[in-house]
Amino acid sequence: MSKVLSIENLHVAIDGKEILRGVDLTLRQGEVHALMGPNGSGKSTLSYALMGHPNYEVTAGSITLDGVDVLALEPDQRAKAGIFLAFQYPTVIPGVSVANFLRHAVTNVRNPDRKEGEDLIPMRDFRKELREQMDELGVDQEFARRYLNDGFSGGEKKRAEILQLAMLRPAFAILDETDSGLDIDAVRIVSEGVNRVAARHSTGVLVITHYERILTYIKPQFVHILFGGRIVENGGPDLIKLLEKEGYNWVREKYPEAAQDEAEMEAAQQQQKTPVGAAVK
Ligand code: ADP
Ligand code: MG
């Protein structure tokens, strides 16, 4: 049965400062949505709030998955419930290999009742599956032995995120600027990876981006514009064309109140050196 992830009137604050000011968004399995918005509009804030990052305080509203209160769940329980986030800034985990990390993550997501110390999924099966997924993503087998994100290039980090997606097969995948810092070939490769997983497992996909480039490869049916911490426009692919041609000026003019908040948020973000999510995975 197709699952529904529903965000209603979501307000989120960081350090007591309101960032999201009432976001409504409904994702169904099998649907592809794009969330576009300028820097500082709150895109990553929404993805961290969905995953349960402790620094992001939900002050009002709800997130439910098939009626289950997601906000009451810890991040690991959210992953087990079928929500996956590909981070904008993946964290380096020295000492933990990609293979070891994935074997634990896959085991825990597939056997949600497993207790720590109980058996992991059998090595042979795991190795075979990992090898297949790495081949499909065009990553060298050596990749699995390296420490997670340690010394990885931008492209390798993003491929590691998509490898996790392919292995975990979530019901919902949120991709936070998976295209940022990638050259055009890498964007195509990770996009094809996402499309393959989504087609196979009927994943509901939320592509977060401020460039339209990735959306030529991962084609959304629904497009939302986040501006000043709220979704101001909902539409189809035509919205992408409009943003490409006209930028955000028309959005600013149409939503003056949101534009004021947006200007403050953009300025605040420029002052901030380390992204809040960077230290916690
Ligand atoms: P986007 O992903 O759309 O670029 P973010 O969600 O990262 O935007 O940021 C939205 C707003 O939240 C910005 O104004 C930013 O300065 C602010 N913000 C993000 N992280 C922090 C933090 N750790 N402390 C204070 N403000 C933050
Ligand atoms: Mg961001």
# chains A, B, ... in the order shown; residues from 1 in each chain; ligands from 1
>>> residues_around(residues="Asn9 in chain A", least_positions_apart="5", cutoff="10 Å", atoms="only C-alpha atoms", output="list of chain:residue names")
A:Leu20, A:Arg21, A:Gly22, A:Val23, A:Asp24, A:Leu25, A:Ala60, A:Gly61, A:Ser62, A:Ile63, A:Arg230
>>> write_last_selection(atoms="N, CA and C atoms", output="mmCIF file, in the first residue's frame")
data_model
loop_
_atom_site.group_PDB
_atom_site.id
_atom_site.type_symbol
_atom_site.label_atom_id
_atom_site.label_comp_id
_atom_site.auth_asym_id
_atom_site.auth_seq_id
_atom_site.Cartn_x
_atom_site.Cartn_y
_atom_site.Cartn_z
ATOM 1 N N LEU A 20 11.117 28.160 10.091
ATOM 2 C CA LEU A 20 9.954 27.744 9.281
ATOM 3 C C LEU A 20 8.692 28.304 9.913
ATOM 4 N N ARG A 21 7.864 28.892 9.068
ATOM 5 C CA ARG A 21 6.713 29.643 9.589
ATOM 6 C C ARG A 21 5.400 29.083 9.061
ATOM 7 N N GLY A 22 5.241 27.782 9.138
ATOM 8 C CA GLY A 22 3.967 27.186 8.715
ATOM 9 C C GLY A 22 4.076 26.535 7.352
ATOM 10 N N VAL A 23 4.753 25.362 7.314
ATOM 11 C CA VAL A 23 4.945 24.653 6.048
ATOM 12 C C VAL A 23 3.925 23.523 5.920
ATOM 13 N N ASP A 24 3.261 23.463 4.781
ATOM 14 C CA ASP A 24 2.347 22.362 4.466
ATOM 15 C C ASP A 24 2.868 21.641 3.235
ATOM 16 N N LEU A 25 2.981 20.319 3.332
ATOM 17 C CA LEU A 25 3.487 19.546 2.195
ATOM 18 C C LEU A 25 3.067 18.091 2.368
ATOM 19 N N ALA A 60 5.317 24.292 16.419
ATOM 20 C CA ALA A 60 3.898 24.095 16.104
ATOM 21 C C ALA A 60 3.787 23.218 14.871
ATOM 22 N N GLY A 61 2.603 22.624 14.692
ATOM 23 C CA GLY A 61 2.340 21.833 13.499
ATOM 24 C C GLY A 61 2.647 20.362 13.699
ATOM 25 N N SER A 62 2.516 19.588 12.606
ATOM 26 C CA SER A 62 2.682 18.141 12.735
ATOM 27 C C SER A 62 3.370 17.539 11.517
ATOM 28 N N ILE A 63 4.009 16.384 11.754
ATOM 29 C CA ILE A 63 4.511 15.537 10.670
ATOM 30 C C ILE A 63 3.986 14.135 10.959
ATOM 31 N N ARG A 230 8.278 29.761 4.383
ATOM 32 C CA ARG A 230 6.971 29.122 4.069
ATOM 33 C C ARG A 230 6.927 28.773 2.586
#
>>> residues_around(residues="range 98-104 of chain A", least_positions_apart="4", cutoff="9 Å", atoms="only C-alpha atoms", output="PyMOL selection string")
chain A and resi 108-109+120-121+123+126-127+130+143-149+160+163-164+167-168
>>> residues_near_ligand(ligand="ligand 1", cutoff="6 Å", atoms="only C-alpha atoms and all ligand atoms", output="ChimeraX atom specification")
/A:14,19,39-45,265-266,268-269,275-276
>>> closest_residue(among="A:Ala81, A:Ala258, A:Ala86, A:Val190", to="ligand 2", atoms="only C-alpha atoms and all ligand atoms")
A:Ala86
>>> closest_residue(among="A:Gly37, A:Pro220, A:Pro122, A:Gly204", to="Leu243 in chain A", atoms="only C-alpha atoms")
A:Gly37
>>> atom_distance(atom1="CA of Leu27 in chain A", atom2="CA of Leu5 in chain A")
5.1 Å
>>> residues_around(residues="Lys158 in chain A", least_positions_apart="4", cutoff="9 Å", atoms="only C-alpha atoms", output="VMD selection string")
chain A and resid 86 to 90 153 to 154 162 to 163 178 to 179 182 186 190
>>> atom_distance(atom1="CA of Glu262 in chain A", atom2="CA of Glu246 in chain A")
17.5 Å
>>> closest_residue(among="A:Glu18, A:Glu177, A:Asp185, A:Glu212", to="ligand 2", atoms="only C-alpha atoms and all ligand atoms")
A:Glu177
>>> residues_around(residues="Thr209 in chain A", least_positions_apart="6", cutoff="7 Å", atoms="only C-alpha atoms", output="list of chain:residue names")
A:Leu35, A:Met36, A:Asp176, A:Glu177
>>> write_last_selection(atoms="C-alpha atoms", output="PDB file, in the first residue's frame")
ATOM      1  CA  LEU A  35      11.424  21.956  -3.202  1.00  0.00           C
ATOM      2  CA  MET A  36      13.153  25.031  -4.564  1.00  0.00           C
ATOM      3  CA  ASP A 176      19.130  17.968   0.306  1.00  0.00           C
ATOM      4  CA  GLU A 177      21.115  19.664  -2.476  1.00  0.00           C
TER       5      GLU A 177
END
>>> closest_residue(among="A:His53, A:His201, A:Arg114, A:His33", to="Leu215 in chain A", atoms="only C-alpha atoms")
A:His33
>>> closest_residue(among="A:Val207, A:Gln141, A:Val4, A:Glu233", to="ligand 2", atoms="only C-alpha atoms and all ligand atoms")
A:Val207
>>> closest_residue(among="A:Arg78, A:Ile208, A:Ala199, A:Ala105", to="ligand 2", atoms="only C-alpha atoms and all ligand atoms")
A:Ile208
>>> residues_around(residues="Val197 in chain A", least_positions_apart="5", cutoff="9 Å", atoms="only C-alpha atoms", output="list in words")
Leu165, Ala166, Arg169, Glu192, Ser202 and Thr203 of chain A
>>> write_last_selection(atoms="C-alpha atoms", output="PDB file, in the first residue's frame")
ATOM      1  CA  LEU A 165      19.554   5.231  -0.359  1.00  0.00           C
ATOM      2  CA  ALA A 166      19.888   2.252  -2.698  1.00  0.00           C
ATOM      3  CA  ARG A 169      15.189   1.422   0.044  1.00  0.00           C
ATOM      4  CA  GLU A 192      20.116   8.030 -12.444  1.00  0.00           C
ATOM      5  CA  SER A 202       8.087   3.296  -5.493  1.00  0.00           C
ATOM      6  CA  THR A 203       9.978   5.743  -3.316  1.00  0.00           C
TER       7      THR A 203
END
>>> atom_distance(atom1="CA of Lys219 in chain A", atom2="CA of Asp183 in chain A")
18.6 Å
>>> select_by_dssp(residues="range 48-149 of chain A", states="strand (DSSP E or B)", output="PyMOL selection string")
chain A and resi 56-65+68-69+83-86+93-97+147-148
>>> select_by_dssp(residues="range 42-249 of chain A", states="helix (DSSP H, G or I)", output="mmCIF file with N, CA and C atoms, in the first residue's frame")
data_model
loop_
_atom_site.group_PDB
_atom_site.id
_atom_site.type_symbol
_atom_site.label_atom_id
_atom_site.label_comp_id
_atom_site.auth_asym_id
_atom_site.auth_seq_id
_atom_site.Cartn_x
_atom_site.Cartn_y
_atom_site.Cartn_z
ATOM 1 N N LYS A 43 15.354 25.458 3.539
ATOM 2 C CA LYS A 43 15.239 24.127 2.931
ATOM 3 C C LYS A 43 15.883 23.047 3.809
ATOM 4 N N SER A 44 17.121 23.291 4.237
ATOM 5 C CA SER A 44 17.785 22.288 5.082
ATOM 6 C C SER A 44 17.089 22.177 6.433
ATOM 7 N N THR A 45 16.575 23.293 6.918
ATOM 8 C CA THR A 45 15.833 23.267 8.185
ATOM 9 C C THR A 45 14.670 22.280 8.093
ATOM 10 N N LEU A 46 13.967 22.309 6.973
ATOM 11 C CA LEU A 46 12.853 21.374 6.796
ATOM 12 C C LEU A 46 13.363 19.930 6.781
ATOM 13 N N SER A 47 14.481 19.683 6.091
ATOM 14 C CA SER A 47 14.949 18.299 6.020
ATOM 15 C C SER A 47 15.442 17.806 7.386
ATOM 16 N N TYR A 48 16.117 18.667 8.146
ATOM 17 C CA TYR A 48 16.559 18.249 9.488
ATOM 18 C C TYR A 48 15.375 18.031 10.422
ATOM 19 N N ALA A 49 14.370 18.887 10.310
ATOM 20 C CA ALA A 49 13.184 18.729 11.156
ATOM 21 C C ALA A 49 12.481 17.406 10.839
ATOM 22 N N LEU A 50 12.451 17.048 9.556
ATOM 23 C CA LEU A 50 11.831 15.776 9.162
ATOM 24 C C LEU A 50 12.568 14.595 9.779
ATOM 25 N N MET A 51 13.893 14.723 9.884
ATOM 26 C CA MET A 51 14.709 13.611 10.372
ATOM 27 C C MET A 51 14.878 13.635 11.897
ATOM 28 N N VAL A 70 5.267 11.336 13.559
ATOM 29 C CA VAL A 70 6.715 11.239 13.322
ATOM 30 C C VAL A 70 7.498 12.044 14.358
ATOM 31 N N LEU A 71 6.926 13.137 14.812
ATOM 32 C CA LEU A 71 7.636 14.007 15.759
ATOM 33 C C LEU A 71 7.896 13.312 17.094
ATOM 34 N N ALA A 72 7.129 12.260 17.373
ATOM 35 C CA ALA A 72 7.334 11.528 18.623
ATOM 36 C C ALA A 72 8.447 10.486 18.491
ATOM 37 N N PRO A 75 15.356 9.872 15.691
ATOM 38 C CA PRO A 75 15.826 9.766 14.301
ATOM 39 C C PRO A 75 15.954 8.327 13.792
ATOM 40 N N ASP A 76 16.462 7.408 14.626
ATOM 41 C CA ASP A 76 16.618 6.027 14.144
ATOM 42 C C ASP A 76 15.258 5.374 13.901
ATOM 43 N N GLN A 77 14.274 5.748 14.707
ATOM 44 C CA GLN A 77 12.927 5.198 14.499
ATOM 45 C C GLN A 77 12.301 5.765 13.219
ATOM 46 N N ARG A 78 12.660 7.005 12.920
ATOM 47 C CA ARG A 78 12.164 7.611 11.673
ATOM 48 C C ARG A 78 12.750 6.867 10.473
ATOM 49 N N ALA A 79 14.036 6.526 10.582
ATOM 50 C CA ALA A 79 14.669 5.768 9.493
ATOM 51 C C ALA A 79 13.991 4.412 9.347
ATOM 52 N N LYS A 80 13.708 3.768 10.479
ATOM 53 C CA LYS A 80 13.048 2.461 10.423
ATOM 54 C C LYS A 80 11.626 2.572 9.879
ATOM 55 N N ALA A 81 11.008 3.720 10.109
ATOM 56 C CA ALA A 81 9.654 3.929 9.589
ATOM 57 C C ALA A 81 9.665 4.197 8.080
ATOM 58 N N VAL A 98 32.641 2.244 4.950
ATOM 59 C CA VAL A 98 31.356 2.337 4.250
ATOM 60 C C VAL A 98 30.599 1.017 4.396
ATOM 61 N N ALA A 99 31.307 -0.106 4.189
ATOM 62 C CA ALA A 99 30.648 -1.419 4.250
ATOM 63 C C ALA A 99 30.101 -1.709 5.642
ATOM 64 N N ASN A 100 30.922 -1.430 6.658
ATOM 65 C CA ASN A 100 30.508 -1.716 8.028
ATOM 66 C C ASN A 100 29.314 -0.851 8.435
ATOM 67 N N PHE A 101 29.402 0.418 8.101
ATOM 68 C CA PHE A 101 28.300 1.342 8.380
ATOM 69 C C PHE A 101 27.010 0.860 7.718
ATOM 70 N N LEU A 102 27.130 0.501 6.438
ATOM 71 C CA LEU A 102 25.937 0.099 5.693
ATOM 72 C C LEU A 102 25.365 -1.217 6.195
ATOM 73 N N ARG A 103 26.248 -2.125 6.607
ATOM 74 C CA ARG A 103 25.726 -3.427 7.071
ATOM 75 C C ARG A 103 24.901 -3.236 8.345
ATOM 76 N N HIS A 104 25.375 -2.357 9.228
ATOM 77 C CA HIS A 104 24.606 -2.073 10.447
ATOM 78 C C HIS A 104 23.306 -1.339 10.113
ATOM 79 N N ALA A 105 23.421 -0.318 9.265
ATOM 80 C CA ALA A 105 22.226 0.483 8.945
ATOM 81 C C ALA A 105 21.163 -0.378 8.271
ATOM 82 N N VAL A 106 21.599 -1.181 7.303
ATOM 83 C CA VAL A 106 20.655 -2.025 6.561
ATOM 84 C C VAL A 106 20.005 -3.048 7.491
ATOM 85 N N THR A 107 20.814 -3.659 8.353
ATOM 86 C CA THR A 107 20.266 -4.645 9.286
ATOM 87 C C THR A 107 19.207 -3.999 10.181
ATOM 88 N N ASN A 108 19.536 -2.842 10.724
ATOM 89 C CA ASN A 108 18.614 -2.211 11.677
ATOM 90 C C ASN A 108 17.329 -1.721 11.014
ATOM 91 N N VAL A 109 17.441 -1.258 9.778
ATOM 92 C CA VAL A 109 16.239 -0.779 9.097
ATOM 93 C C VAL A 109 15.362 -1.952 8.646
ATOM 94 N N ARG A 110 16.019 -3.036 8.224
ATOM 95 C CA ARG A 110 15.215 -4.190 7.769
ATOM 96 C C ARG A 110 14.666 -5.026 8.920
ATOM 97 N N MET A 123 26.860 -11.880 5.910
ATOM 98 C CA MET A 123 27.899 -11.191 5.160
ATOM 99 C C MET A 123 27.818 -11.467 3.666
ATOM 100 N N ARG A 124 27.586 -12.741 3.312
ATOM 101 C CA ARG A 124 27.565 -13.092 1.877
ATOM 102 C C ARG A 124 26.483 -12.350 1.119
ATOM 103 N N ASP A 125 25.280 -12.376 1.687
ATOM 104 C CA ASP A 125 24.152 -11.695 1.033
ATOM 105 C C ASP A 125 24.419 -10.203 0.940
ATOM 106 N N PHE A 126 24.929 -9.682 2.062
ATOM 107 C CA PHE A 126 25.178 -8.247 2.114
ATOM 108 C C PHE A 126 26.210 -7.834 1.064
ATOM 109 N N ARG A 127 27.321 -8.573 1.038
ATOM 110 C CA ARG A 127 28.402 -8.272 0.077
ATOM 111 C C ARG A 127 27.890 -8.260 -1.358
ATOM 112 N N LYS A 128 27.073 -9.268 -1.668
ATOM 113 C CA LYS A 128 26.554 -9.410 -3.032
ATOM 114 C C LYS A 128 25.689 -8.194 -3.390
ATOM 115 N N GLU A 129 24.817 -7.859 -2.469
ATOM 116 C CA GLU A 129 23.918 -6.736 -2.716
ATOM 117 C C GLU A 129 24.701 -5.430 -2.833
ATOM 118 N N LEU A 130 25.674 -5.263 -1.946
ATOM 119 C CA LEU A 130 26.474 -4.036 -1.962
ATOM 120 C C LEU A 130 27.244 -3.920 -3.278
ATOM 121 N N ARG A 131 27.816 -5.051 -3.694
ATOM 122 C CA ARG A 131 28.586 -5.041 -4.943
ATOM 123 C C ARG A 131 27.691 -4.641 -6.121
ATOM 124 N N GLU A 132 26.493 -5.195 -6.157
ATOM 125 C CA GLU A 132 25.561 -4.860 -7.249
ATOM 126 C C GLU A 132 25.225 -3.365 -7.255
ATOM 127 N N GLN A 133 24.950 -2.859 -6.064
ATOM 128 C CA GLN A 133 24.562 -1.436 -5.990
ATOM 129 C C GLN A 133 25.734 -0.532 -6.340
ATOM 130 N N MET A 134 26.936 -0.930 -5.930
ATOM 131 C CA MET A 134 28.106 -0.105 -6.250
ATOM 132 C C MET A 134 28.381 -0.134 -7.748
ATOM 133 N N ASP A 135 28.189 -1.289 -8.355
ATOM 134 C CA ASP A 135 28.357 -1.377 -9.817
ATOM 135 C C ASP A 135 27.382 -0.441 -10.522
ATOM 136 N N GLU A 136 26.140 -0.486 -10.075
ATOM 137 C CA GLU A 136 25.124 0.356 -10.721
ATOM 138 C C GLU A 136 25.452 1.835 -10.594
ATOM 139 N N LEU A 137 26.048 2.201 -9.450
ATOM 140 C CA LEU A 137 26.389 3.607 -9.225
ATOM 141 C C LEU A 137 27.747 3.977 -9.819
ATOM 142 N N GLN A 141 34.994 -0.956 -6.237
ATOM 143 C CA GLN A 141 34.776 -1.841 -5.078
ATOM 144 C C GLN A 141 35.594 -1.399 -3.854
ATOM 145 N N GLU A 142 36.709 -0.786 -4.121
ATOM 146 C CA GLU A 142 37.585 -0.249 -3.058
ATOM 147 C C GLU A 142 36.831 0.712 -2.117
ATOM 148 N N PHE A 143 35.861 1.393 -2.686
ATOM 149 C CA PHE A 143 35.038 2.377 -1.978
ATOM 150 C C PHE A 143 34.492 1.825 -0.644
ATOM 151 N N ALA A 144 34.063 0.580 -0.664
ATOM 152 C CA ALA A 144 33.426 -0.034 0.502
ATOM 153 C C ALA A 144 34.362 -0.141 1.696
ATOM 154 N N ARG A 145 35.667 -0.209 1.424
ATOM 155 C CA ARG A 145 36.638 -0.366 2.516
ATOM 156 C C ARG A 145 37.089 0.962 3.102
ATOM 157 N N GLY A 154 33.725 15.782 -3.118
ATOM 158 C CA GLY A 154 32.306 16.139 -3.072
ATOM 159 C C GLY A 154 31.440 15.106 -3.776
ATOM 160 N N GLY A 155 31.902 14.680 -4.942
ATOM 161 C CA GLY A 155 31.144 13.700 -5.721
ATOM 162 C C GLY A 155 31.059 12.355 -5.019
ATOM 163 N N GLU A 156 32.156 11.943 -4.369
ATOM 164 C CA GLU A 156 32.142 10.657 -3.658
ATOM 165 C C GLU A 156 31.203 10.700 -2.458
ATOM 166 N N LYS A 157 31.186 11.845 -1.765
ATOM 167 C CA LYS A 157 30.265 11.963 -0.623
ATOM 168 C C LYS A 157 28.818 11.805 -1.077
ATOM 169 N N LYS A 158 28.492 12.459 -2.175
ATOM 170 C CA LYS A 158 27.109 12.381 -2.648
ATOM 171 C C LYS A 158 26.781 10.967 -3.152
ATOM 172 N N ARG A 159 27.762 10.316 -3.744
ATOM 173 C CA ARG A 159 27.522 8.929 -4.179
ATOM 174 C C ARG A 159 27.341 8.014 -2.982
ATOM 175 N N ALA A 160 28.089 8.295 -1.903
ATOM 176 C CA ALA A 160 27.919 7.487 -0.691
ATOM 177 C C ALA A 160 26.500 7.652 -0.139
ATOM 178 N N GLU A 161 25.966 8.855 -0.221
ATOM 179 C CA GLU A 161 24.588 9.084 0.235
ATOM 180 C C GLU A 161 23.603 8.277 -0.622
ATOM 181 N N ILE A 162 23.834 8.285 -1.931
ATOM 182 C CA ILE A 162 22.916 7.573 -2.828
ATOM 183 C C ILE A 162 23.075 6.055 -2.691
ATOM 184 N N LEU A 163 24.293 5.621 -2.367
ATOM 185 C CA LEU A 163 24.499 4.192 -2.085
ATOM 186 C C LEU A 163 23.676 3.785 -0.853
ATOM 187 N N GLN A 164 23.678 4.643 0.157
ATOM 188 C CA GLN A 164 22.834 4.375 1.336
ATOM 189 C C GLN A 164 21.367 4.283 0.933
ATOM 190 N N LEU A 165 20.945 5.238 0.117
ATOM 191 C CA LEU A 165 19.554 5.231 -0.359
ATOM 192 C C LEU A 165 19.230 3.910 -1.056
ATOM 193 N N ALA A 166 20.133 3.476 -1.928
ATOM 194 C CA ALA A 166 19.888 2.252 -2.698
ATOM 195 C C ALA A 166 19.842 1.026 -1.800
ATOM 196 N N MET A 167 20.650 1.019 -0.746
ATOM 197 C CA MET A 167 20.685 -0.132 0.151
ATOM 198 C C MET A 167 19.517 -0.114 1.139
ATOM 199 N N LEU A 168 19.086 1.069 1.534
ATOM 200 C CA LEU A 168 18.053 1.160 2.582
ATOM 201 C C LEU A 168 16.634 1.117 2.012
ATOM 202 N N ILE A 184 28.647 18.069 -14.058
ATOM 203 C CA ILE A 184 27.431 17.632 -14.740
ATOM 204 C C ILE A 184 27.348 16.101 -14.860
ATOM 205 N N ASP A 185 28.493 15.443 -15.055
ATOM 206 C CA ASP A 185 28.479 13.975 -15.145
ATOM 207 C C ASP A 185 28.071 13.348 -13.820
ATOM 208 N N ALA A 186 28.598 13.907 -12.733
ATOM 209 C CA ALA A 186 28.263 13.377 -11.410
ATOM 210 C C ALA A 186 26.784 13.607 -11.096
ATOM 211 N N VAL A 187 26.256 14.757 -11.488
ATOM 212 C CA VAL A 187 24.822 15.017 -11.273
ATOM 213 C C VAL A 187 23.992 13.966 -12.007
ATOM 214 N N ARG A 188 24.404 13.665 -13.228
ATOM 215 C CA ARG A 188 23.667 12.671 -14.011
ATOM 216 C C ARG A 188 23.736 11.299 -13.348
ATOM 217 N N ILE A 189 24.926 10.914 -12.883
ATOM 218 C CA ILE A 189 25.086 9.581 -12.288
ATOM 219 C C ILE A 189 24.272 9.441 -11.002
ATOM 220 N N VAL A 190 24.342 10.432 -10.120
ATOM 221 C CA VAL A 190 23.562 10.294 -8.883
ATOM 222 C C VAL A 190 22.062 10.367 -9.187
ATOM 223 N N SER A 191 21.697 11.187 -10.163
ATOM 224 C CA SER A 191 20.270 11.279 -10.505
ATOM 225 C C SER A 191 19.749 9.955 -11.041
ATOM 226 N N GLU A 192 20.540 9.328 -11.905
ATOM 227 C CA GLU A 192 20.116 8.030 -12.444
ATOM 228 C C GLU A 192 19.972 7.009 -11.319
ATOM 229 N N GLY A 193 20.883 7.099 -10.350
ATOM 230 C CA GLY A 193 20.789 6.212 -9.181
ATOM 231 C C GLY A 193 19.474 6.423 -8.432
ATOM 232 N N VAL A 194 19.139 7.676 -8.209
ATOM 233 C CA VAL A 194 17.887 7.995 -7.504
ATOM 234 C C VAL A 194 16.686 7.487 -8.304
ATOM 235 N N ASN A 195 16.693 7.743 -9.609
ATOM 236 C CA ASN A 195 15.563 7.309 -10.444
ATOM 237 C C ASN A 195 15.383 5.793 -10.430
ATOM 238 N N ARG A 196 16.508 5.073 -10.449
ATOM 239 C CA ARG A 196 16.436 3.606 -10.426
ATOM 240 C C ARG A 196 15.805 3.106 -9.138
ATOM 241 N N VAL A 197 16.304 3.640 -8.015
ATOM 242 C CA VAL A 197 15.772 3.220 -6.720
ATOM 243 C C VAL A 197 14.287 3.568 -6.624
ATOM 244 N N ALA A 198 13.951 4.790 -7.049
ATOM 245 C CA ALA A 198 12.564 5.247 -6.924
ATOM 246 C C ALA A 198 11.625 4.383 -7.759
ATOM 247 N N ALA A 199 12.068 4.022 -8.980
ATOM 248 C CA ALA A 199 11.220 3.208 -9.846
ATOM 249 C C ALA A 199 11.038 1.811 -9.262
ATOM 250 N N ARG A 200 12.107 1.287 -8.692
ATOM 251 C CA ARG A 200 12.054 -0.077 -8.163
ATOM 252 C C ARG A 200 11.213 -0.199 -6.906
ATOM 253 N N HIS A 201 11.318 0.798 -6.041
ATOM 254 C CA HIS A 201 10.690 0.669 -4.721
ATOM 255 C C HIS A 201 9.559 1.658 -4.504
ATOM 256 N N ARG A 213 19.168 22.424 -12.533
ATOM 257 C CA ARG A 213 19.933 21.424 -13.291
ATOM 258 C C ARG A 213 19.567 19.974 -12.960
ATOM 259 N N ILE A 214 19.538 19.652 -11.666
ATOM 260 C CA ILE A 214 19.271 18.249 -11.286
ATOM 261 C C ILE A 214 17.856 17.832 -11.707
ATOM 262 N N LEU A 215 16.973 18.823 -11.852
ATOM 263 C CA LEU A 215 15.576 18.513 -12.172
ATOM 264 C C LEU A 215 15.376 18.172 -13.648
ATOM 265 N N THR A 216 16.437 18.296 -14.441
ATOM 266 C CA THR A 216 16.339 17.788 -15.810
ATOM 267 C C THR A 216 16.583 16.277 -15.826
ATOM 268 N N ASP A 238 6.281 23.682 -14.787
ATOM 269 C CA ASP A 238 6.315 25.049 -15.326
ATOM 270 C C ASP A 238 6.985 26.032 -14.371
ATOM 271 N N LEU A 239 6.831 25.761 -13.060
ATOM 272 C CA LEU A 239 7.440 26.650 -12.067
ATOM 273 C C LEU A 239 8.961 26.655 -12.190
ATOM 274 N N ILE A 240 9.535 25.512 -12.566
ATOM 275 C CA ILE A 240 10.992 25.426 -12.720
ATOM 276 C C ILE A 240 11.431 26.359 -13.848
ATOM 277 N N LYS A 241 10.705 26.293 -14.953
ATOM 278 C CA LYS A 241 11.010 27.139 -16.118
ATOM 279 C C LYS A 241 10.921 28.614 -15.747
ATOM 280 N N LEU A 242 9.885 28.921 -14.996
ATOM 281 C CA LEU A 242 9.667 30.312 -14.596
ATOM 282 C C LEU A 242 10.830 30.824 -13.733
ATOM 283 N N LEU A 243 11.265 30.009 -12.777
ATOM 284 C CA LEU A 243 12.387 30.415 -11.915
ATOM 285 C C LEU A 243 13.674 30.551 -12.718
ATOM 286 N N GLU A 244 13.838 29.643 -13.667
ATOM 287 C CA GLU A 244 15.031 29.667 -14.504
ATOM 288 C C GLU A 244 15.087 30.971 -15.293
ATOM 289 N N LYS A 245 13.926 31.378 -15.797
ATOM 290 C CA LYS A 245 13.868 32.561 -16.642
ATOM 291 C C LYS A 245 13.872 33.860 -15.844
ATOM 292 N N GLU A 246 13.120 33.851 -14.756
ATOM 293 C CA GLU A 246 12.853 35.120 -14.070
ATOM 294 C C GLU A 246 13.517 35.240 -12.703
ATOM 295 N N ASN A 249 12.593 37.323 -8.352
ATOM 296 C CA ASN A 249 12.068 38.683 -8.176
ATOM 297 C C ASN A 249 10.543 38.738 -8.145
#
